[in-house]
file entry31.cif (mmCIF, C-alpha atoms and all ligand atoms)
data_entry
loop_
_atom_site.label_atom_id
_atom_site.label_comp_id
_atom_site.auth_asym_id
_atom_site.auth_seq_id
_atom_site.Cartn_x
_atom_site.Cartn_y
_atom_site.Cartn_z
CA MET X 1 0.00 0.00 0.00
CA ALA X 2 1.46 3.34 -0.99
CA ASN X 3 -0.21 6.70 -1.45
CA ILE X 4 1.23 8.41 -4.49
CA LEU X 5 1.17 12.05 -5.55
CA ILE X 6 1.66 12.94 -9.22
CA THR X 7 2.14 16.58 -10.21
CA GLY X 8 1.61 17.58 -13.85
CA ALA X 9 -0.53 14.43 -14.17
CA LEU X 10 -2.48 15.60 -17.23
CA GLY X 11 0.64 15.85 -19.39
CA GLN X 12 2.13 13.39 -21.87
CA VAL X 13 4.07 11.44 -19.23
CA GLY X 14 1.61 11.71 -16.32
CA SER X 15 -1.39 10.42 -18.26
CA GLU X 16 0.51 7.25 -19.15
CA LEU X 17 2.37 6.81 -15.87
CA ILE X 18 -0.95 6.43 -14.01
CA ASP X 19 -1.78 3.16 -15.83
CA PHE X 20 1.68 1.74 -15.10
CA LEU X 21 1.41 2.70 -11.42
CA LEU X 22 -2.11 1.24 -11.13
CA ALA X 23 -0.78 -2.07 -12.47
CA SER X 24 1.99 -2.27 -9.86
CA TYR X 25 0.77 -0.49 -6.69
CA SER X 26 -2.23 -0.67 -4.39
CA GLY X 27 -3.18 2.52 -2.57
CA THR X 28 -4.48 5.84 -3.81
CA ILE X 29 -3.00 7.95 -6.59
CA TYR X 30 -3.51 11.68 -6.07
CA ALA X 31 -3.26 12.99 -9.63
CA THR X 32 -2.82 16.77 -9.72
CA ASP X 33 -2.33 19.47 -12.31
CA ILE X 34 -2.89 23.18 -12.72
CA HIS X 35 -6.06 22.68 -14.80
CA LYS X 36 -9.49 22.66 -13.13
CA GLU X 37 -10.91 19.83 -15.21
CA SER X 38 -9.32 16.40 -15.36
CA THR X 39 -8.96 14.66 -18.73
CA LEU X 40 -8.04 11.35 -17.05
CA LYS X 41 -10.11 8.15 -17.32
CA SER X 42 -12.09 7.75 -14.13
CA ASN X 43 -10.79 5.10 -11.74
CA PRO X 44 -11.73 4.50 -8.08
CA SER X 45 -8.04 4.46 -7.09
CA VAL X 46 -7.28 7.83 -8.70
CA LYS X 47 -8.33 11.15 -7.13
CA TYR X 48 -7.89 14.33 -9.11
CA ALA X 49 -7.06 17.70 -7.47
CA VAL X 50 -5.87 21.09 -8.68
CA LEU X 51 -2.32 21.88 -7.61
CA ASP X 52 -0.08 24.72 -8.74
CA VAL X 53 3.42 23.56 -7.81
CA ARG X 54 4.60 27.19 -7.51
CA ASN X 55 2.40 27.52 -4.42
CA ARG X 56 4.42 26.23 -1.47
CA GLU X 57 1.46 26.00 0.91
CA MET X 58 -0.68 24.01 -1.55
CA VAL X 59 2.19 21.56 -2.10
CA GLU X 60 2.75 21.15 1.69
CA ASN X 61 -0.96 20.64 2.32
CA ILE X 62 -1.64 18.05 -0.34
CA ILE X 63 1.36 15.97 0.73
CA GLY X 64 0.60 16.32 4.47
CA GLU X 65 -3.17 15.79 4.32
CA ASN X 66 -3.02 12.68 2.17
CA ASP X 67 -0.19 10.86 3.88
CA ILE X 68 1.82 10.65 0.67
CA ASP X 69 4.55 7.97 0.48
CA GLU X 70 5.91 8.63 -3.01
CA VAL X 71 5.90 11.67 -5.28
CA TYR X 72 6.24 11.67 -9.07
CA HIS X 73 6.90 15.34 -9.80
CA LEU X 74 6.17 15.83 -13.50
CA ALA X 75 4.84 19.41 -13.59
CA SER X 76 7.15 21.31 -15.88
CA ILE X 77 7.44 23.83 -18.70
CA LEU X 78 9.20 22.08 -21.59
CA SER X 79 11.77 23.33 -24.10
CA ALA X 80 9.66 25.02 -26.78
CA SER X 81 7.17 26.58 -24.30
CA GLY X 82 10.07 27.64 -22.07
CA GLU X 83 11.62 29.75 -24.82
CA LYS X 84 8.28 31.59 -25.20
CA ASP X 85 8.06 32.38 -21.46
CA PRO X 86 11.41 31.92 -19.68
CA TYR X 87 10.18 33.47 -16.42
CA MET X 88 7.32 30.99 -16.20
CA ALA X 89 9.75 28.14 -16.98
CA TYR X 90 12.02 29.31 -14.19
CA ASN X 91 9.17 29.48 -11.67
CA VAL X 92 7.48 26.19 -12.52
CA ASN X 93 10.67 24.20 -13.04
CA LEU X 94 12.75 25.54 -10.15
CA THR X 95 10.37 27.00 -7.56
CA GLY X 96 8.04 24.05 -8.15
CA THR X 97 10.86 21.55 -7.66
CA VAL X 98 12.11 23.20 -4.47
CA ASN X 99 8.55 23.26 -3.11
CA VAL X 100 8.13 19.55 -3.79
CA LEU X 101 11.52 18.67 -2.30
CA ASN X 102 10.94 20.81 0.83
CA ALA X 103 7.47 19.41 1.45
CA SER X 104 8.78 15.87 0.91
CA VAL X 105 11.36 16.45 3.66
CA THR X 106 8.98 18.10 6.14
CA ARG X 107 6.14 15.62 5.51
CA GLY X 108 8.25 12.46 5.54
CA VAL X 109 7.80 11.30 1.91
CA LYS X 110 9.74 8.06 1.33
CA LYS X 111 10.72 8.42 -2.34
CA VAL X 112 10.59 11.14 -4.97
CA PHE X 113 10.92 10.78 -8.75
CA ILE X 114 11.67 13.89 -10.81
CA PRO X 115 12.55 13.50 -14.49
CA SER X 116 15.34 15.46 -16.08
CA THR X 117 16.07 15.69 -19.80
CA ILE X 118 18.67 15.57 -22.57
CA GLY X 119 18.10 19.36 -22.55
CA VAL X 120 20.62 19.63 -19.68
CA PHE X 121 23.40 19.20 -22.26
CA GLY X 122 24.66 22.26 -24.09
CA PRO X 123 26.23 22.61 -27.52
CA GLU X 124 29.81 21.83 -26.40
CA VAL X 125 29.05 18.30 -25.25
CA GLN X 126 30.34 15.46 -27.43
CA LYS X 127 27.54 14.66 -29.87
CA GLU X 128 27.82 10.86 -29.82
CA LYS X 129 27.33 9.05 -26.49
CA ALA X 130 27.31 12.22 -24.40
CA PRO X 131 28.58 11.22 -20.96
CA ARG X 132 26.36 11.39 -17.87
CA ARG X 133 28.93 13.56 -16.08
CA HIS X 134 29.55 16.55 -18.28
CA ALA X 135 30.63 20.17 -18.10
CA SER X 136 28.53 21.40 -20.97
CA ILE X 137 26.40 24.45 -20.20
CA PRO X 138 22.82 24.33 -21.52
CA THR X 139 21.67 27.29 -23.63
CA THR X 140 17.87 26.98 -23.23
CA ILE X 141 15.94 28.11 -20.13
CA TYR X 142 14.50 24.58 -19.97
CA GLY X 143 17.99 23.08 -19.88
CA ILE X 144 19.24 25.63 -17.35
CA THR X 145 16.35 25.00 -14.94
CA LYS X 146 16.60 21.23 -15.37
CA ALA X 147 20.39 21.21 -14.84
CA ALA X 148 19.94 23.27 -11.66
CA GLY X 149 17.15 20.87 -10.66
CA GLU X 150 19.55 17.92 -10.91
CA MET X 151 21.91 19.70 -8.49
CA LEU X 152 18.99 20.22 -6.10
CA PHE X 153 18.11 16.50 -6.17
CA GLN X 154 21.65 15.65 -5.11
CA TYR X 155 21.71 18.44 -2.53
CA TYR X 156 18.47 17.29 -0.87
CA TYR X 157 19.67 13.70 -0.92
CA ASN X 158 22.97 14.62 0.75
CA LYS X 159 21.62 17.18 3.22
CA TYR X 160 18.23 15.66 4.17
CA ASN X 161 18.72 12.03 3.19
CA ILE X 162 15.60 12.14 1.01
CA ASP X 163 15.49 9.33 -1.57
CA VAL X 164 15.26 11.35 -4.81
CA ARG X 165 15.71 9.46 -8.09
CA SER X 166 15.82 10.77 -11.63
CA LEU X 167 16.16 9.84 -15.31
CA ARG X 168 17.21 12.16 -18.10
CA TYR X 169 14.45 11.26 -20.53
CA PRO X 170 15.23 11.63 -24.24
CA GLY X 171 12.36 12.57 -26.63
CA LEU X 172 9.41 10.37 -25.63
CA LEU X 173 7.20 8.79 -28.29
CA SER X 174 3.59 7.99 -27.43
CA TYR X 175 0.27 7.82 -29.26
CA LYS X 176 -2.07 8.10 -26.26
CA VAL X 177 -1.56 11.76 -25.32
CA ALA X 178 -0.19 14.27 -27.81
CA PRO X 179 2.93 16.16 -26.71
CA THR X 180 2.61 19.90 -27.20
CA ALA X 181 5.55 21.70 -25.72
CA GLY X 182 8.84 20.02 -26.60
CA THR X 183 11.38 19.98 -29.44
CA THR X 184 11.19 16.23 -30.15
CA ASP X 185 7.37 16.32 -30.60
CA TYR X 186 7.76 16.28 -34.40
CA ALA X 187 8.38 12.51 -34.30
CA VAL X 188 4.98 11.73 -32.75
CA ASP X 189 3.28 14.16 -35.10
CA MET X 190 4.99 12.71 -38.16
CA ILE X 191 3.89 9.16 -37.29
CA LYS X 192 0.33 10.38 -36.68
CA HIS X 193 0.21 12.16 -40.06
CA ALA X 194 1.60 9.12 -41.90
CA ALA X 195 -0.99 6.84 -40.27
CA SER X 196 -3.88 9.15 -41.09
CA GLY X 197 -2.79 9.48 -44.75
CA ASN X 198 -1.69 13.14 -44.60
CA SER X 199 1.61 14.73 -45.59
CA TYR X 200 3.65 16.45 -42.87
CA GLU X 201 5.51 19.75 -42.48
CA CYS X 202 8.50 19.20 -40.17
CA TYR X 203 9.90 22.06 -38.07
CA LEU X 204 13.38 20.47 -37.86
CA LYS X 205 15.93 19.93 -40.65
CA ASP X 206 15.89 16.43 -42.17
CA ASP X 207 19.32 15.49 -40.73
CA THR X 208 18.71 16.54 -37.08
CA ARG X 209 19.63 13.48 -35.02
CA LEU X 210 18.20 13.21 -31.48
CA PRO X 211 17.93 10.45 -28.84
CA MET X 212 14.45 8.98 -28.29
CA MET X 213 12.50 6.28 -26.45
CA TYR X 214 9.03 4.70 -26.66
CA MET X 215 6.76 5.58 -23.73
CA PRO X 216 6.24 1.99 -22.43
CA ASP X 217 10.04 1.66 -22.10
CA ALA X 218 10.26 5.05 -20.39
CA MET X 219 7.52 4.09 -17.91
CA ASN X 220 8.95 0.63 -17.21
CA SER X 221 12.41 2.15 -16.72
CA THR X 222 10.94 4.69 -14.29
CA LEU X 223 9.29 1.97 -12.20
CA HIS X 224 12.42 -0.15 -12.42
CA LEU X 225 14.51 2.75 -11.09
CA MET X 226 12.00 3.50 -8.33
CA THR X 227 11.86 -0.10 -7.08
CA ALA X 228 15.62 -0.75 -7.21
CA PRO X 229 17.34 -1.04 -3.80
CA ALA X 230 18.48 2.41 -2.61
CA GLU X 231 22.10 1.26 -2.34
CA ASN X 232 22.15 0.54 -6.09
CA ILE X 233 21.24 4.13 -6.94
CA ARG X 234 24.72 5.63 -7.03
CA VAL X 235 23.71 8.58 -9.18
CA ARG X 236 21.69 11.19 -7.29
CA THR X 237 21.67 13.83 -10.01
CA SER X 238 20.10 11.97 -12.98
CA TYR X 239 20.76 8.88 -15.12
CA ASN X 240 21.11 9.07 -18.91
CA VAL X 241 18.57 6.80 -20.66
CA MET X 242 17.67 6.36 -24.36
CA SER X 243 16.69 3.56 -26.76
CA TYR X 244 17.78 4.81 -30.20
CA SER X 245 18.42 7.98 -32.13
CA PHE X 246 17.19 8.95 -35.58
CA THR X 247 16.78 11.92 -37.89
CA PRO X 248 13.46 13.16 -39.31
CA ARG X 249 14.54 11.78 -42.73
CA GLU X 250 15.21 8.33 -41.25
CA LEU X 251 11.79 8.37 -39.57
CA GLU X 252 10.19 9.47 -42.85
CA ASN X 253 11.83 6.52 -44.64
CA GLU X 254 10.67 4.11 -41.94
CA LEU X 255 7.11 5.44 -42.29
CA ARG X 256 7.19 5.17 -46.07
CA GLU X 257 7.51 1.41 -45.67
CA LEU X 258 4.11 1.49 -43.95
CA ASN X 259 2.59 4.18 -46.16
CA PRO X 260 4.43 4.50 -49.52
CA GLU X 261 2.50 7.70 -50.38
CA PHE X 262 3.76 9.56 -47.28
CA ARG X 263 5.61 12.85 -47.93
CA VAL X 264 7.38 15.35 -45.62
CA VAL X 265 8.31 18.99 -46.25
CA TYR X 266 11.10 20.42 -44.08
CA LYS X 267 10.65 24.00 -42.78
CA PRO X 268 12.86 24.55 -39.71
CA ASP X 269 11.64 27.08 -37.12
CA PHE X 270 12.98 28.34 -33.74
CA ARG X 271 13.10 24.76 -32.42
CA GLN X 272 16.02 23.96 -34.76
CA SER X 273 18.49 25.88 -32.59
CA ILE X 274 17.21 24.08 -29.47
CA ALA X 275 17.70 20.70 -31.18
CA ASP X 276 21.16 21.73 -32.45
CA SER X 277 22.28 22.36 -28.85
CA TRP X 278 21.52 18.75 -27.81
CA PRO X 279 23.57 15.56 -28.32
CA TRP X 280 22.77 12.89 -30.95
CA SER X 281 23.02 10.07 -28.43
CA ILE X 282 23.84 9.67 -24.73
CA ASP X 283 25.85 7.11 -22.77
CA VAL X 284 23.56 4.83 -20.73
CA THR X 285 26.29 2.69 -19.09
CA ASP X 286 25.54 3.84 -15.51
CA ALA X 287 21.85 2.98 -15.83
CA ILE X 288 22.74 -0.50 -17.14
CA ASN X 289 25.31 -1.14 -14.41
CA ASP X 290 23.34 0.23 -11.44
CA TRP X 291 19.76 -0.97 -12.03
CA GLU X 292 19.85 -3.02 -15.25
CA PHE X 293 18.28 -0.52 -17.63
CA LYS X 294 17.02 -2.49 -20.63
CA PRO X 295 14.53 -0.97 -23.08
CA VAL X 296 12.80 -3.49 -25.36
CA PHE X 297 11.41 -1.45 -28.28
CA ASP X 298 13.69 -0.68 -31.22
CA LEU X 299 12.76 2.03 -33.74
CA LYS X 300 11.01 -0.34 -36.15
CA ASN X 301 8.80 -1.86 -33.42
CA THR X 302 8.01 1.56 -31.98
CA VAL X 303 7.00 3.05 -35.32
CA SER X 304 4.91 0.06 -36.34
CA ASP X 305 3.13 -0.09 -32.94
CA MET X 306 2.32 3.62 -32.97
CA PHE X 307 1.28 3.55 -36.64
CA GLN X 308 -1.13 0.62 -36.07
CA ASN X 309 -2.63 2.28 -33.00
CA TYR X 310 -3.18 5.60 -34.79
CA ARG X 311 -4.76 3.68 -37.71
CA LYS X 312 -7.12 1.82 -35.36
CA PHE X 313 -8.09 5.09 -33.74
CA SER X 314 -8.79 6.90 -37.02
CA GLU X 315 -10.78 3.88 -38.31
CA LYS X 316 -12.93 4.08 -35.17
CA LEU X 317 -13.61 7.75 -35.94
CA ASN X 318 -14.12 7.17 -39.69
CA PRO X 319 -15.26 3.54 -40.13
CA PRO X 320 -14.76 2.14 -43.66
CA ASP X 321 -18.05 1.89 -45.68
N1 LIG U 401 7.76 14.35 -23.06
C1 LIG U 401 9.05 14.27 -23.32
O1 LIG U 401 9.47 13.95 -24.44
C2 LIG U 401 10.06 14.56 -22.22
C3 LIG U 401 11.42 14.46 -22.52
C4 LIG U 401 12.35 14.74 -21.53
C5 LIG U 401 11.93 15.06 -20.26
N2 LIG U 401 10.60 15.14 -19.98
C6 LIG U 401 10.21 15.52 -18.61
O2 LIG U 401 9.11 14.76 -18.16
C7 LIG U 401 8.26 15.55 -17.31
C8 LIG U 401 6.85 15.52 -17.82
O3 LIG U 401 6.83 16.02 -19.15
P1 LIG U 401 5.55 15.90 -20.10
O4 LIG U 401 6.05 15.50 -21.43
O5 LIG U 401 4.47 15.12 -19.46
O6 LIG U 401 5.15 17.44 -20.17
P2 LIG U 401 3.73 18.06 -20.52
O7 LIG U 401 3.96 19.46 -20.97
O8 LIG U 401 2.96 17.14 -21.42
O9 LIG U 401 3.02 18.05 -19.09
C9 LIG U 401 3.42 18.91 -18.05
C10 LIG U 401 2.20 19.16 -17.18
O10 LIG U 401 2.58 20.11 -16.17
C11 LIG U 401 1.44 20.93 -15.94
N3 LIG U 401 1.85 22.20 -15.32
C12 LIG U 401 2.39 23.30 -15.91
N4 LIG U 401 2.57 24.27 -14.99
C13 LIG U 401 2.14 23.77 -13.81
C14 LIG U 401 2.09 24.30 -12.50
N5 LIG U 401 2.49 25.54 -12.22
N6 LIG U 401 1.61 23.49 -11.51
C15 LIG U 401 1.18 22.24 -11.78
N7 LIG U 401 1.19 21.69 -13.02
C16 LIG U 401 1.67 22.46 -14.02
C17 LIG U 401 0.83 21.13 -17.33
O11 LIG U 401 -0.53 21.53 -17.23
C18 LIG U 401 1.02 19.75 -17.95
O12 LIG U 401 -0.13 18.94 -17.80
C19 LIG U 401 8.90 16.94 -17.29
O13 LIG U 401 9.71 17.06 -16.15
C20 LIG U 401 9.77 16.98 -18.53
O14 LIG U 401 10.87 17.83 -18.37
C21 LIG U 401 9.64 14.90 -20.93
#
call {"tool": "encode", "arguments": {"input": "entry31.cif", "output": "structure tokens"}}
result
Amino acid sequence: MANILITGALGQVGSELIDFLLASYSGTIYATDIHKESTLKSNPSVKYAVLDVRNREMVENIIGENDIDEVYHLASILSASGEKDPYMAYNVNLTGTVNVLNASVTRGVKKVFIPSTIGVFGPEVQKEKAPRRHASIPTTIYGITKAAGEMLFQYYYNKYNIDVRSLRYPGLLSYKVAPTAGTTDYAVDMIKHAASGNSYECYLKDDTRLPMMYMPDAMNSTLHLMTAPAENIRVRTSYNVMSYSFTPRELENELRELNPEFRVVYKPDFRQSIADSWPWSIDVTDAINDWEFKPVFDLKNTVSDMFQNYRKFSEKLNPPD
């Protein structure tokens, strides 16, 4: 039995994490987000509440009043949205994280998961197999707040002995909830367009290589990390994880095997410079050694699974005559 708090639960990761948690935990999940209305499927084990993570008192109260054992702190402003409103990104990503960490200490939370990102790397990092420990300074507000967040995880672990764990997610691919705020979102959108028979305009150049992972692997890795013995978790900033990397052109070619008519036009926008500041791949050795990180989906399986699911969904909406 564990009572779990999720912040940012209506987002791309939160909406999927809930199903994975329900399958492995008993207890109540307190799913929270800044929006008044929940878009989550109703479930007797899930209670929805409004929580703005910038509000210290609200964060303290929800953790204290509901006897929370574990927190999955997902509320965040991502890379593309962050560049549009850096002050908001700073407040949500840093003030929100400090509020969650403080309340977890004062209210006796047992474990905290807070994802980081490949956005913590800056343009000087080596492009292939970027190392977990690096001295590369991020150039986006998202990366800056997330890199500072990683330092805070380690600080709270050392100073208050709170069991904070973290993964640097790469671009996450999922068909259940559309991503809306990141730089790697094009990949999900491109697969969706190919499956629904439309052409696609891509906001990154065709040769922009970025690390990625399918959502089921990201969620299983998260639960794997969170259930590993504490002594195995040697890294208290954040672990590098990824499954594969590809360029928009490589994804287009993969999709053309499923839909030979599919076409993409490349029109880079402001997100190109964000993508150019990130590595092509990252070194996952620590995650393998410490808690046996092992994703199962390769690119082909990911694309074909997402494509089939989008097809099924659009056939339900527009049944064949
Ligand atoms: N999706 C990815 O590809 C990806 C990649 C790397 C890292 N991550 C990390 O994973 C976590 C979750 O990302 P996501 O993809 O679900 O993002 P998302 O943008 O889909 O969801 C974030 C959620 O946070 C909520 N939120 C925003 N401001 C808030 C506030 N002040 N208080 C409470 N909630 C607020 C939003 O309403 C949204 O539902 C983030 O920490 C992100 O940095 C995601």
call {"tool": "residues_near_ligand", "arguments": {"input": "entry31.cif", "ligand": "ligand LIG 401 (chain U)", "cutoff": "6 Å", "atoms": "only C-alpha atoms and all ligand atoms", "output": "ChimeraX atom specification"}}
result
/X:7-14,33-34,51-54,74-78,92,115-117,169-172,179,181
call {"tool": "write_last_selection", "arguments": {"input": "entry31.cif", "atoms": "C-alpha atoms", "output": "PDB file, in the coordinates of the input"}}
result
ATOM      1  CA  THR X   7       2.140  16.580 -10.210  1.00  0.00           C
ATOM      2  CA  GLY X   8       1.610  17.580 -13.850  1.00  0.00           C
ATOM      3  CA  ALA X   9      -0.530  14.430 -14.170  1.00  0.00           C
ATOM      4  CA  LEU X  10      -2.480  15.600 -17.230  1.00  0.00           C
ATOM      5  CA  GLY X  11       0.640  15.850 -19.390  1.00  0.00           C
ATOM      6  CA  GLN X  12       2.130  13.390 -21.870  1.00  0.00           C
ATOM      7  CA  VAL X  13       4.070  11.440 -19.230  1.00  0.00           C
ATOM      8  CA  GLY X  14       1.610  11.710 -16.320  1.00  0.00           C
ATOM      9  CA  ASP X  33      -2.330  19.470 -12.310  1.00  0.00           C
ATOM     10  CA  ILE X  34      -2.890  23.180 -12.720  1.00  0.00           C
ATOM     11  CA  LEU X  51      -2.320  21.880  -7.610  1.00  0.00           C
ATOM     12  CA  ASP X  52      -0.080  24.720  -8.740  1.00  0.00           C
ATOM     13  CA  VAL X  53       3.420  23.560  -7.810  1.00  0.00           C
ATOM     14  CA  ARG X  54       4.600  27.190  -7.510  1.00  0.00           C
ATOM     15  CA  LEU X  74       6.170  15.830 -13.500  1.00  0.00           C
ATOM     16  CA  ALA X  75       4.840  19.410 -13.590  1.00  0.00           C
ATOM     17  CA  SER X  76       7.150  21.310 -15.880  1.00  0.00           C
ATOM     18  CA  ILE X  77       7.440  23.830 -18.700  1.00  0.00           C
ATOM     19  CA  LEU X  78       9.200  22.080 -21.590  1.00  0.00           C
ATOM     20  CA  VAL X  92       7.480  26.190 -12.520  1.00  0.00           C
ATOM     21  CA  PRO X 115      12.550  13.500 -14.490  1.00  0.00           C
ATOM     22  CA  SER X 116      15.340  15.460 -16.080  1.00  0.00           C
ATOM     23  CA  THR X 117      16.070  15.690 -19.800  1.00  0.00           C
ATOM     24  CA  TYR X 169      14.450  11.260 -20.530  1.00  0.00           C
ATOM     25  CA  PRO X 170      15.230  11.630 -24.240  1.00  0.00           C
ATOM     26  CA  GLY X 171      12.360  12.570 -26.630  1.00  0.00           C
ATOM     27  CA  LEU X 172       9.410  10.370 -25.630  1.00  0.00           C
ATOM     28  CA  PRO X 179       2.930  16.160 -26.710  1.00  0.00           C
ATOM     29  CA  ALA X 181       5.550  21.700 -25.720  1.00  0.00           C
TER      30      ALA X 181
END
call {"tool": "atom_distance", "arguments": {"input": "entry31.cif", "atom1": "CA of Thr184 (chain X)", "atom2": "CA of Phe121 (chain X)"}}
result
14.8 Å
call {"tool": "atom_distance", "arguments": {"input": "entry31.cif", "atom1": "CA of Trp278 (chain X)", "atom2": "CA of Gly122 (chain X)"}}
result
6.0 Å
call {"tool": "closest_residue", "arguments": {"input": "entry31.cif", "among": "X:Ser104, X:Ser221, X:Thr237, X:Ser79", "to": "Ala275 (chain X)", "atoms": "only C-alpha atoms"}}
result
X:Ser79
call {"tool": "residues_around", "arguments": {"input": "entry31.cif", "residues": "region 133-147 of chain X", "least_positions_apart": "6", "cutoff": "7 Å", "atoms": "all atoms listed in the file", "output": "PyMOL selection string"}}
result
chain X and resi 78-79+82-83+86+89-90+93-94+116+119-122+124-125+274
call {"tool": "write_last_selection", "arguments": {"input": "entry31.cif", "atoms": "C-alpha atoms", "output": "mmCIF file, in the frame of the given file"}}
result
data_model
loop_
_atom_site.group_PDB
_atom_site.id
_atom_site.type_symbol
_atom_site.label_atom_id
_atom_site.label_comp_id
_atom_site.auth_asym_id
_atom_site.auth_seq_id
_atom_site.Cartn_x
_atom_site.Cartn_y
_atom_site.Cartn_z
ATOM 1 C CA LEU X 78 9.200 22.080 -21.590
ATOM 2 C CA SER X 79 11.770 23.330 -24.100
ATOM 3 C CA GLY X 82 10.070 27.640 -22.070
ATOM 4 C CA GLU X 83 11.620 29.750 -24.820
ATOM 5 C CA PRO X 86 11.410 31.920 -19.680
ATOM 6 C CA ALA X 89 9.750 28.140 -16.980
ATOM 7 C CA TYR X 90 12.020 29.310 -14.190
ATOM 8 C CA ASN X 93 10.670 24.200 -13.040
ATOM 9 C CA LEU X 94 12.750 25.540 -10.150
ATOM 10 C CA SER X 116 15.340 15.460 -16.080
ATOM 11 C CA GLY X 119 18.100 19.360 -22.550
ATOM 12 C CA VAL X 120 20.620 19.630 -19.680
ATOM 13 C CA PHE X 121 23.400 19.200 -22.260
ATOM 14 C CA GLY X 122 24.660 22.260 -24.090
ATOM 15 C CA GLU X 124 29.810 21.830 -26.400
ATOM 16 C CA VAL X 125 29.050 18.300 -25.250
ATOM 17 C CA ILE X 274 17.210 24.080 -29.470
#
call {"tool": "closest_residue", "arguments": {"input": "entry31.cif", "among": "X:Gly27, X:Pro211, X:Ala187, X:Lys205", "to": "Pro44 (chain X)", "atoms": "only C-alpha atoms"}}
result
X:Gly27
call {"tool": "closest_residue", "arguments": {"input": "entry31.cif", "among": "X:Val98, X:Met88, X:Ala178, X:Leu5", "to": "Glu65 (chain X)", "atoms": "all atoms listed in the file"}}
result
X:Leu5
call {"tool": "atom_distance", "arguments": {"input": "entry31.cif", "atom1": "CA of Lys41 (chain X)", "atom2": "CA of Phe20 (chain X)"}}
result
13.6 Å
call {"tool": "residues_around", "arguments": {"input": "entry31.cif", "residues": "Val112 (chain X)", "least_positions_apart": "2", "cutoff": "7 Å", "atoms": "only C-alpha atoms", "output": "number ranges by chain"}}
result
X: 70-72, 114, 163-165
